[in-house]
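K.L.:
Please find one structure pasted underneath; my questions will follow.
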Amino acid sequence: MRIQPVDASAFRELAATTIAGELPFGRVFTPHMVVVPYATERGWHDGRVVERGPFQIDPAAMCLHYGQTAFEGLKAHRQQDGTVMLFRAQSHAERMKRTAERLCMPPVPTELFLSAVNALVATDHAWVPDREGTSMYLRPALIATEAALGVRPAQEFLFFVIATAAGPYFQGGFKGIRVAVERTMSRAASGGLGSAKVGANYVASLLAAERAKAKACSQVLWLDASEHRWIEETGASNVFWVEDGTLYTPPTGDTVLQGVTRDSILRLAPQLGVPVEEKRVSIDELIGGIRSHSITEMFGSGTAAVVAPIAELLVGDELVTIGDGSPGPASRKLYESITALHRGRAPDKFGWLTPVPRPEWA
Ligand SMILES: Cc1ncc(COP(=O)(O)O)c(C=O)c1O
């Protein structure tokens with residue numbers, strides 16, 4: 001389906017002045033959005049770019065009651081020569097399809113996902129910042145809009161994409177965070193929604209995250225829901241650690257999100273001389289390895305931060321420092337390689353970047 005475009009030339013000046021200033025993450029929205037409704041009898045129809053604004057939504061819309069909502073998060077980067085590139089958009093489209101299937105929602109076809117994202121980035125081209133570490137963060141989402149009470153899959157949906165101009169994630173420099181090991185609450189249970197990108201997983205994580213914050217920790221280290229023993233994820237990121245020179249991450253299964261950054265790291269690390277493996281590890285083994293200094297680095301991976309080094313774990317009331325507490329060589333190398341790729345400073349050997357055509361008036 002061709003997404004009906006709009007002329008956004010009137011917003012160019014505003015973009016230039018806005019993105020020249022401080023850009024916090026997720027709050028500076030671009031002036032347009034894409035909307036594509038779906039109805040069982042019509043399929044996807046009337047896709048268009050419109051000015052960003054509130055939706056009319058019925059108070060009985062099923063997304064508001066039964067959680068039929070799915071989303072994605074991906075970035076567009078301005079390269080040094082001014083072109084704008086999407087990073088791994090196809091992988092995000094495929095994950096959104098898997099999420100939709102898990103939630104009994106109509107999967108957004110890959111071509112529709114890609115044309116919606118491209119249309120929005122092209123329209124708001126001028127809002128892609130160009131300073132190091134900045135990006136346009138895109139949020140495609142799918143919600144059930146049918147007005148009906150009763151637990152069953154809805155018949156009407158809305159796929160939409162909004163965008164933000166995002167500043168550097170590490171405003172205070174690339175440094176490690178403190179993470180609290182969560183031994184009671186769970187993010188995702190086996191057979192549940194953990195491998196899908198759905199609002200329910202995030203609301204399930206909030207209370208533990210708030211309690212961790214009260215103990216001066218920025219994230220939670222999630223363990224499995226049945227034994228509270230096996231390492232799964234950290235905050236809204238996949239988790240990695242370096243043990244005796246090898247990089248490890250837990251296998252994904254159905255309780256861990258298949259992170260696109262995780263996959264990029266699994267494929268890039270060997271090329272950087274860092275051996276990498278998937279391995280199930282218990283929290284006791286992890287802490288033992290940190291204390292004996294066989295584990296020297298730990299970090300989270302995700303689209304927002306790329307690589308977020310972990311300096312300390314809060315285990316009960318005890319703080320355990322990983323290595324010397326500063327980001328290790330593997331974390332730095334991976335962060336620098338992926339961000340160099342984003343900016344066009346390194347060759348795109350895997351074909352992960354796709355150019356967004358610049359509109360004539362931009
Ligand atoms: C729970 C969870 N795990 C992992 C990730 C990392 O995924 P990605 O690298 O695709 O952003 C995210 C972020 O989207 C997440 O929310």
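Identifiers in this document derive from the order of the structure tokens: chains are assigned A, B, ..., residues are numbered from 1 separately in each chain, and ligands are numbered from 1 in order of occurrence.
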Check the DSSP output for the backbone and give back, as a PyMOL selection string, the residues of stretch 56-279 of chain A in helix (DSSP H, G or I).
P.N.:
chain A and resi 63-66+89-102+110-123+125-127+199-214+260-272
K.L.:
Need to verify the contact set: A:Gly53, 12 Å, only C-alpha atoms, exclusion of same-chain residues closer than 2 positions in sequence. Can you return it as a PDB file with N, CA and C atoms, in the first residue's frame?
P.N.:
```pdb
ATOM      1  N   PHE A  29       8.723  15.439  19.902  1.00  0.00           N
ATOM      2  CA  PHE A  29       8.036  14.717  18.824  1.00  0.00           C
ATOM      3  C   PHE A  29       8.107  15.503  17.524  1.00  0.00           C
ATOM      4  N   THR A  30       8.174  14.782  16.417  1.00  0.00           N
ATOM      5  CA  THR A  30       8.184  15.437  15.107  1.00  0.00           C
ATOM      6  C   THR A  30       6.725  15.777  14.743  1.00  0.00           C
ATOM      7  N   PRO A  31       6.519  16.664  13.764  1.00  0.00           N
ATOM      8  CA  PRO A  31       5.153  17.188  13.546  1.00  0.00           C
ATOM      9  C   PRO A  31       4.192  16.265  12.801  1.00  0.00           C
ATOM     10  N   HIS A  32       4.655  15.106  12.343  1.00  0.00           N
ATOM     11  CA  HIS A  32       3.759  14.236  11.567  1.00  0.00           C
ATOM     12  C   HIS A  32       3.680  12.838  12.154  1.00  0.00           C
ATOM     13  N   MET A  33       2.720  12.076  11.674  1.00  0.00           N
ATOM     14  CA  MET A  33       2.612  10.660  12.035  1.00  0.00           C
ATOM     15  C   MET A  33       1.970   9.934  10.851  1.00  0.00           C
ATOM     16  N   VAL A  34       2.136   8.619  10.859  1.00  0.00           N
ATOM     17  CA  VAL A  34       1.475   7.801   9.832  1.00  0.00           C
ATOM     18  C   VAL A  34       0.346   7.054  10.528  1.00  0.00           C
ATOM     19  N   VAL A  35      -0.799   6.981   9.883  1.00  0.00           N
ATOM     20  CA  VAL A  35      -1.908   6.176  10.422  1.00  0.00           C
ATOM     21  C   VAL A  35      -2.417   5.242   9.328  1.00  0.00           C
ATOM     22  N   VAL A  49       0.090   9.964   5.764  1.00  0.00           N
ATOM     23  CA  VAL A  49       0.860  10.794   6.691  1.00  0.00           C
ATOM     24  C   VAL A  49      -0.034  11.963   7.052  1.00  0.00           C
ATOM     25  N   VAL A  50      -0.152  12.249   8.341  1.00  0.00           N
ATOM     26  CA  VAL A  50      -0.996  13.375   8.770  1.00  0.00           C
ATOM     27  C   VAL A  50      -0.231  14.181   9.818  1.00  0.00           C
ATOM     28  N   GLU A  51      -0.747  15.380  10.126  1.00  0.00           N
ATOM     29  CA  GLU A  51      -0.115  16.134  11.210  1.00  0.00           C
ATOM     30  C   GLU A  51      -0.324  15.374  12.509  1.00  0.00           C
ATOM     31  N   PHE A  55      -5.746  11.123  18.878  1.00  0.00           N
ATOM     32  CA  PHE A  55      -6.712  10.282  18.170  1.00  0.00           C
ATOM     33  C   PHE A  55      -8.082  10.446  18.798  1.00  0.00           C
ATOM     34  N   GLN A  56      -9.107  10.227  17.983  1.00  0.00           N
ATOM     35  CA  GLN A  56     -10.450   9.999  18.511  1.00  0.00           C
ATOM     36  C   GLN A  56     -10.509   8.513  18.807  1.00  0.00           C
ATOM     37  N   PHE A 160       0.000   2.824  13.697  1.00  0.00           N
ATOM     38  CA  PHE A 160       0.493   4.196  13.542  1.00  0.00           C
ATOM     39  C   PHE A 160       1.988   4.251  13.833  1.00  0.00           C
ATOM     40  N   VAL A 161       2.608   5.299  13.319  1.00  0.00           N
ATOM     41  CA  VAL A 161       4.040   5.508  13.579  1.00  0.00           C
ATOM     42  C   VAL A 161       4.217   6.967  13.976  1.00  0.00           C
ATOM     43  N   ILE A 162       4.875   7.174  15.117  1.00  0.00           N
ATOM     44  CA  ILE A 162       5.263   8.528  15.531  1.00  0.00           C
ATOM     45  C   ILE A 162       6.790   8.561  15.632  1.00  0.00           C
TER      46      ILE A 162
END
```
K.L.:
Nearest residue to A:Arg291 out of A:Asp81, A:Glu101, A:Asp324, A:Glu94, using only C-alpha atoms?
P.N.:
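Using only C-alpha atoms, the shortest distance to A:Arg291 belongs to A:Asp324.
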K.L.:
Which of these residues is nearest to A:Ala8, using only C-alpha atoms: A:Asp263, A:Asp124, A:Asp46, A:Glu243?
P.N.:
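Looking at the shortest contact to A:Ala8, the residue is A:Asp124.
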K.L.:
I'd like the neighbourhood of A:Leu149 as a list of chain:residue names, where a residue qualifies if any of its atoms comes within 9 Å (using only C-alpha atoms), though same-chain residues fewer than 2 positions away should be ignored.
P.N.:
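The neighbour list is A:Ala60, A:Ala61, A:Met62, A:His65, A:Ala147, A:Val151, A:Arg152.
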K.L.:
Limited to N, CA and C atoms, could you put the picked residues into a file as a PDB file, in the first residue's frame?
P.N.:
```
ATOM      1  N   ALA A  60     -14.650   2.413  24.775  1.00  0.00           N
ATOM      2  CA  ALA A  60     -14.711   0.943  24.818  1.00  0.00           C
ATOM      3  C   ALA A  60     -13.674   0.295  23.891  1.00  0.00           C
ATOM      4  N   ALA A  61     -12.792   1.114  23.289  1.00  0.00           N
ATOM      5  CA  ALA A  61     -11.773   0.532  22.392  1.00  0.00           C
ATOM      6  C   ALA A  61     -11.061  -0.592  23.143  1.00  0.00           C
ATOM      7  N   MET A  62     -10.929  -1.722  22.500  1.00  0.00           N
ATOM      8  CA  MET A  62     -10.462  -2.915  23.216  1.00  0.00           C
ATOM      9  C   MET A  62      -9.025  -2.801  23.719  1.00  0.00           C
ATOM     10  N   HIS A  65      -8.789  -1.832  27.356  1.00  0.00           N
ATOM     11  CA  HIS A  65      -9.300  -2.744  28.393  1.00  0.00           C
ATOM     12  C   HIS A  65      -8.541  -4.057  28.456  1.00  0.00           C
ATOM     13  N   ALA A 147     -14.763  -0.914  19.311  1.00  0.00           N
ATOM     14  CA  ALA A 147     -15.459  -0.581  20.560  1.00  0.00           C
ATOM     15  C   ALA A 147     -16.363  -1.749  20.937  1.00  0.00           C
ATOM     16  N   VAL A 151     -13.907 -10.373  26.203  1.00  0.00           N
ATOM     17  CA  VAL A 151     -12.526 -10.780  25.905  1.00  0.00           C
ATOM     18  C   VAL A 151     -12.488 -11.691  24.682  1.00  0.00           C
ATOM     19  N   ARG A 152     -12.020 -11.118  23.582  1.00  0.00           N
ATOM     20  CA  ARG A 152     -11.819 -11.841  22.317  1.00  0.00           C
ATOM     21  C   ARG A 152     -10.956 -10.941  21.442  1.00  0.00           C
TER      22      ARG A 152
END
```
K.L.:
What's the 12 Å shell around A:Ala196, counting only C-alpha atoms, without same-chain residues fewer than 5 positions away, as a PyMOL selection string?
P.N.:
chain A and resi 68-72+92+94-104+187-189+191+201-202+252-259
K.L.:
Identify, on the basis of only C-alpha atoms, every residue whose closest approach to stretch 118-121 of chain A does not exceed 10 Å; exclude the query and any residue fewer than 3 positions from it along the same chain; express the result as JSON, numbers by chain.
P.N.:
{"A": [2, 3, 4, 5, 6, 30, 31, 32, 33, 34, 48, 49, 50, 75, 76, 84, 85, 86, 89, 112, 113, 114, 115, 124, 125, 126, 127, 128, 136, 137, 138, 161, 162, 163, 354, 355, 356, 357, 358, 359]}
K.L.:
Could the residues in this selection be written to a file with N, CA and C atoms, as a compact mmCIF listing (two decimals), in the first residue's frame?
P.N.:
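The file below, again_25.txt, is the result:
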```txt
# COMPACT_ATOMS: atom_id res chain seq x y z
N ARG A 2 0.51 2.23 -0.83
CA ARG A 2 1.27 3.48 -0.83
C ARG A 2 0.70 4.39 0.27
N ILE A 3 1.56 4.89 1.12
CA ILE A 3 1.12 5.79 2.18
C ILE A 3 0.99 7.18 1.57
N GLN A 4 -0.18 7.80 1.67
CA GLN A 4 -0.38 9.14 1.08
C GLN A 4 0.51 10.16 1.78
N PRO A 5 1.40 10.82 1.05
CA PRO A 5 2.33 11.76 1.70
C PRO A 5 1.70 13.15 1.94
N VAL A 6 2.40 13.99 2.69
CA VAL A 6 2.01 15.40 2.80
C VAL A 6 3.26 16.25 2.58
N THR A 30 8.17 14.78 16.42
CA THR A 30 8.18 15.44 15.11
C THR A 30 6.73 15.78 14.74
N PRO A 31 6.52 16.66 13.76
CA PRO A 31 5.15 17.19 13.55
C PRO A 31 4.19 16.26 12.80
N HIS A 32 4.66 15.11 12.34
CA HIS A 32 3.76 14.24 11.57
C HIS A 32 3.68 12.84 12.15
N MET A 33 2.72 12.08 11.67
CA MET A 33 2.61 10.66 12.03
C MET A 33 1.97 9.93 10.85
N VAL A 34 2.14 8.62 10.86
CA VAL A 34 1.48 7.80 9.83
C VAL A 34 0.35 7.05 10.53
N ARG A 48 -1.96 6.97 5.52
CA ARG A 48 -1.55 8.32 5.16
C ARG A 48 -0.66 8.97 6.22
N VAL A 49 0.09 9.96 5.76
CA VAL A 49 0.86 10.79 6.69
C VAL A 49 -0.03 11.96 7.05
N VAL A 50 -0.15 12.25 8.34
CA VAL A 50 -1.00 13.38 8.77
C VAL A 50 -0.23 14.18 9.82
N LYS A 75 15.54 3.18 14.99
CA LYS A 75 16.12 4.51 14.80
C LYS A 75 16.52 4.80 13.35
N ALA A 76 16.48 6.08 13.03
CA ALA A 76 17.06 6.59 11.78
C ALA A 76 18.23 7.49 12.19
N VAL A 84 20.08 10.02 5.35
CA VAL A 84 19.44 9.45 6.54
C VAL A 84 19.22 7.97 6.29
N MET A 85 19.66 7.17 7.26
CA MET A 85 19.59 5.72 7.13
C MET A 85 18.78 5.10 8.26
N LEU A 86 17.92 4.16 7.92
CA LEU A 86 17.23 3.37 8.96
C LEU A 86 18.14 2.21 9.33
N ALA A 89 15.61 -1.92 9.87
CA ALA A 89 14.15 -1.73 9.86
C ALA A 89 13.42 -3.05 9.57
N LEU A 112 4.36 -2.84 4.33
CA LEU A 112 3.58 -1.73 4.88
C LEU A 112 4.34 -1.06 6.02
N PHE A 113 4.92 -1.87 6.89
CA PHE A 113 5.73 -1.34 7.99
C PHE A 113 6.84 -0.45 7.42
N LEU A 114 7.56 -0.99 6.41
CA LEU A 114 8.70 -0.24 5.88
C LEU A 114 8.24 1.02 5.15
N SER A 115 7.12 0.93 4.42
CA SER A 115 6.71 2.15 3.70
C SER A 115 6.19 3.19 4.67
N ASP A 124 9.49 14.05 7.77
CA ASP A 124 10.12 14.83 8.85
C ASP A 124 11.65 14.73 8.79
N HIS A 125 12.15 14.63 7.56
CA HIS A 125 13.58 14.48 7.28
C HIS A 125 14.42 15.51 8.04
N ALA A 126 13.90 16.75 8.06
CA ALA A 126 14.67 17.83 8.68
C ALA A 126 14.80 17.65 10.20
N TRP A 127 14.01 16.73 10.78
CA TRP A 127 14.03 16.51 12.24
C TRP A 127 15.03 15.44 12.65
N VAL A 128 15.76 14.89 11.71
CA VAL A 128 16.78 13.90 12.09
C VAL A 128 18.03 14.70 12.47
N MET A 136 16.83 9.86 15.07
CA MET A 136 15.37 9.96 15.13
C MET A 136 14.88 8.60 15.63
N TYR A 137 14.19 8.60 16.76
CA TYR A 137 13.68 7.35 17.32
C TYR A 137 12.23 7.19 16.86
N LEU A 138 11.95 6.04 16.24
CA LEU A 138 10.61 5.82 15.66
C LEU A 138 9.83 4.83 16.50
N VAL A 161 2.61 5.30 13.32
CA VAL A 161 4.04 5.51 13.58
C VAL A 161 4.22 6.97 13.98
N ILE A 162 4.87 7.17 15.12
CA ILE A 162 5.26 8.53 15.53
C ILE A 162 6.79 8.56 15.63
N ALA A 163 7.34 9.76 15.75
CA ALA A 163 8.81 9.86 15.77
C ALA A 163 9.25 10.94 16.75
N THR A 354 19.38 1.13 5.56
CA THR A 354 18.64 1.40 4.31
C THR A 354 18.38 2.90 4.21
N PRO A 355 18.69 3.50 3.05
CA PRO A 355 18.54 4.95 2.93
C PRO A 355 17.09 5.37 2.84
N VAL A 356 16.79 6.50 3.45
CA VAL A 356 15.44 7.07 3.34
C VAL A 356 15.53 8.18 2.30
N PRO A 357 14.73 8.09 1.22
CA PRO A 357 14.86 9.12 0.18
C PRO A 357 14.53 10.50 0.75
N ARG A 358 15.35 11.46 0.36
CA ARG A 358 15.12 12.85 0.81
C ARG A 358 14.01 13.46 -0.05
N PRO A 359 12.98 14.01 0.57
CA PRO A 359 11.94 14.62 -0.26
C PRO A 359 12.48 15.83 -1.01
```
K.L.:
Report as JSON lines the residues of chain A within 6 Å of ligand 1, each with its shortest atom pair and distance in Å (one decimal), using only C-alpha atoms and all ligand atoms, ordered by chain and increasing residue number.
P.N.:
```
{"residue": "A:Ala236", "atom": "CA", "partner": "ligand 1", "partner_atom_place_in_ligand_line": "15 (C)", "distance": 3.8}
{"residue": "A:Ser237", "atom": "CA", "partner": "ligand 1", "partner_atom_place_in_ligand_line": "4 (C)", "distance": 3.6}
{"residue": "A:Asn238", "atom": "CA", "partner": "ligand 1", "partner_atom_place_in_ligand_line": "4 (C)", "distance": 4.5}
{"residue": "A:Leu257", "atom": "CA", "partner": "ligand 1", "partner_atom_place_in_ligand_line": "3 (N)", "distance": 4.7}
{"residue": "A:Gly259", "atom": "CA", "partner": "ligand 1", "partner_atom_place_in_ligand_line": "7 (O)", "distance": 3.4}
{"residue": "A:Val260", "atom": "CA", "partner": "ligand 1", "partner_atom_place_in_ligand_line": "10 (O)", "distance": 3.7}
{"residue": "A:Thr261", "atom": "CA", "partner": "ligand 1", "partner_atom_place_in_ligand_line": "9 (O)", "distance": 3.6}
{"residue": "A:Arg262", "atom": "CA", "partner": "ligand 1", "partner_atom_place_in_ligand_line": "9 (O)", "distance": 5.6}
{"residue": "A:Ser301", "atom": "CA", "partner": "ligand 1", "partner_atom_place_in_ligand_line": "9 (O)", "distance": 5.9}
{"residue": "A:Gly302", "atom": "CA", "partner": "ligand 1", "partner_atom_place_in_ligand_line": "9 (O)", "distance": 3.5}
{"residue": "A:Thr303", "atom": "CA", "partner": "ligand 1", "partner_atom_place_in_ligand_line": "11 (O)", "distance": 3.6}
```
K.L.:
Write out as a PDB file with N, CA and C atoms, in the first residue's frame which residues come within 12 Å of A:Glu22 when counting only C-alpha atoms, dropping same-chain ones fewer than 2 positions away.
P.N.:
```
ATOM      1  N   THR A  17      15.470  24.871  14.424  1.00  0.00           N
ATOM      2  CA  THR A  17      15.674  25.507  15.734  1.00  0.00           C
ATOM      3  C   THR A  17      15.490  24.502  16.868  1.00  0.00           C
ATOM      4  N   THR A  18      14.547  23.561  16.721  1.00  0.00           N
ATOM      5  CA  THR A  18      14.315  22.607  17.808  1.00  0.00           C
ATOM      6  C   THR A  18      15.502  21.676  17.985  1.00  0.00           C
ATOM      7  N   ILE A  19      15.977  21.083  16.887  1.00  0.00           N
ATOM      8  CA  ILE A  19      17.012  20.062  17.065  1.00  0.00           C
ATOM      9  C   ILE A  19      18.389  20.656  17.340  1.00  0.00           C
ATOM     10  N   ALA A  20      18.494  21.975  17.230  1.00  0.00           N
ATOM     11  CA  ALA A  20      19.774  22.596  17.587  1.00  0.00           C
ATOM     12  C   ALA A  20      19.940  22.647  19.104  1.00  0.00           C
ATOM     13  N   PRO A  24      16.163  15.773  24.988  1.00  0.00           N
ATOM     14  CA  PRO A  24      16.013  14.655  25.908  1.00  0.00           C
ATOM     15  C   PRO A  24      15.483  13.454  25.134  1.00  0.00           C
ATOM     16  N   PHE A  25      15.513  12.246  25.700  1.00  0.00           N
ATOM     17  CA  PHE A  25      15.043  11.072  24.961  1.00  0.00           C
ATOM     18  C   PHE A  25      13.522  10.969  25.046  1.00  0.00           C
ATOM     19  N   ARG A  27      10.897  12.865  24.054  1.00  0.00           N
ATOM     20  CA  ARG A  27       9.933  13.932  24.359  1.00  0.00           C
ATOM     21  C   ARG A  27       9.786  14.985  23.269  1.00  0.00           C
ATOM     22  N   VAL A  28      10.741  15.029  22.337  1.00  0.00           N
ATOM     23  CA  VAL A  28      10.628  16.029  21.262  1.00  0.00           C
ATOM     24  C   VAL A  28      10.030  15.320  20.033  1.00  0.00           C
ATOM     25  N   PRO A 129      18.393  14.685  13.758  1.00  0.00           N
ATOM     26  CA  PRO A 129      19.524  15.529  14.167  1.00  0.00           C
ATOM     27  C   PRO A 129      20.839  14.988  13.616  1.00  0.00           C
ATOM     28  N   ARG A 131      24.092  15.668  15.275  1.00  0.00           N
ATOM     29  CA  ARG A 131      25.241  15.596  16.203  1.00  0.00           C
ATOM     30  C   ARG A 131      25.512  14.140  16.572  1.00  0.00           C
ATOM     31  N   THR A 134      23.101  11.340  18.302  1.00  0.00           N
ATOM     32  CA  THR A 134      21.687  11.689  18.161  1.00  0.00           C
ATOM     33  C   THR A 134      21.036  10.807  17.087  1.00  0.00           C
ATOM     34  N   ALA A 165      12.863  13.333  17.880  1.00  0.00           N
ATOM     35  CA  ALA A 165      14.271  13.681  17.654  1.00  0.00           C
ATOM     36  C   ALA A 165      14.965  13.391  18.977  1.00  0.00           C
ATOM     37  N   ALA A 166      15.934  12.473  18.953  1.00  0.00           N
ATOM     38  CA  ALA A 166      16.506  11.991  20.218  1.00  0.00           C
ATOM     39  C   ALA A 166      17.953  12.426  20.390  1.00  0.00           C
ATOM     40  N   GLY A 167      18.246  12.910  21.589  1.00  0.00           N
ATOM     41  CA  GLY A 167      19.620  13.325  21.930  1.00  0.00           C
ATOM     42  C   GLY A 167      20.458  12.121  22.287  1.00  0.00           C
ATOM     43  N   PRO A 168      21.748  12.329  22.596  1.00  0.00           N
ATOM     44  CA  PRO A 168      22.609  11.210  22.957  1.00  0.00           C
ATOM     45  C   PRO A 168      22.105  10.543  24.239  1.00  0.00           C
ATOM     46  N   TYR A 169      22.123   9.216  24.274  1.00  0.00           N
ATOM     47  CA  TYR A 169      21.651   8.481  25.448  1.00  0.00           C
ATOM     48  C   TYR A 169      22.576   8.743  26.639  1.00  0.00           C
ATOM     49  N   GLN A 171      24.291  11.229  28.181  1.00  0.00           N
ATOM     50  CA  GLN A 171      24.503  12.679  28.271  1.00  0.00           C
ATOM     51  C   GLN A 171      25.756  12.976  29.113  1.00  0.00           C
TER      52      GLN A 171
END
```
K.L.:
Please run DSSP on the backbone and report, as a ChimeraX atom specification, all residues within stretch 270-315 of chain A that come out as strand (DSSP E or B).
P.N.:
/A:276-278,282,295-302,306-315
K.L.:
Point out the residue among A:Gly245, A:Gly194, A:Gly26, A:Pro109 with the least atom-to-atom distance to A:Pro275, counting only C-alpha atoms.
P.N.:
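Ranked by minimum distance to A:Pro275, first place goes to A:Gly245.
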K.L.:
Give the answer as one residue: which of A:Leu223, A:Ala209, A:Gln80, A:Pro250 has the shortest atom-to-atom distance to A:Ala346, using only C-alpha atoms?
P.N.:
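So, comparing all the options, the nearest one is A:Gln80.
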K.L.:
Which residues come within 6 Å of A:Cys217, counting only C-alpha atoms, excluding same-chain residues fewer than 3 positions away, as a PyMOL selection string?
P.N.:
chain A and resi 178-180+212-213
K.L.:
Would you put the residues from that selection into a file with C-alpha atoms, as a short mmCIF file (atom, residue, chain, number, x, y, z; two decimals), in the first residue's frame?
P.N.:
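Writing the result to again15.cif gives the following:
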```cif
data_model
loop_
_atom_site.label_atom_id
_atom_site.label_comp_id
_atom_site.auth_asym_id
_atom_site.auth_seq_id
_atom_site.Cartn_x
_atom_site.Cartn_y
_atom_site.Cartn_z
CA ARG A 178 24.03 0.25 39.00
CA VAL A 179 21.53 -2.59 38.61
CA ALA A 180 19.46 -4.30 41.34
CA ALA A 212 15.27 -0.37 42.47
CA LYS A 213 15.33 3.40 41.90
#
```
K.L.:
Could you jot down the atom CA of A:Ser186 to atom CA of A:Met105 separation for me, Å, one decimal place?
P.N.:
25.1 Å
K.L.:
To one decimal place in Å, what is the distance between atom CA of A:Lys175 and atom CA of A:Ala204?
P.N.:
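These two atoms are separated by 27.4 Å.
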K.L.:
Here is a test: counting only C-alpha atoms, which residue of A:Val239, A:Met298, A:Val306, A:Val108 is nearest to A:Ala141?
P.N.:
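The closest residue to A:Ala141 is A:Val108.
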K.L.:
To one decimal in Å, tell me the separation between atom CA of A:Lys333 and atom CA of A:Ala269.
P.N.:
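We find that atom CA of A:Lys333 and atom CA of A:Ala269 lie 8.8 Å from each other.
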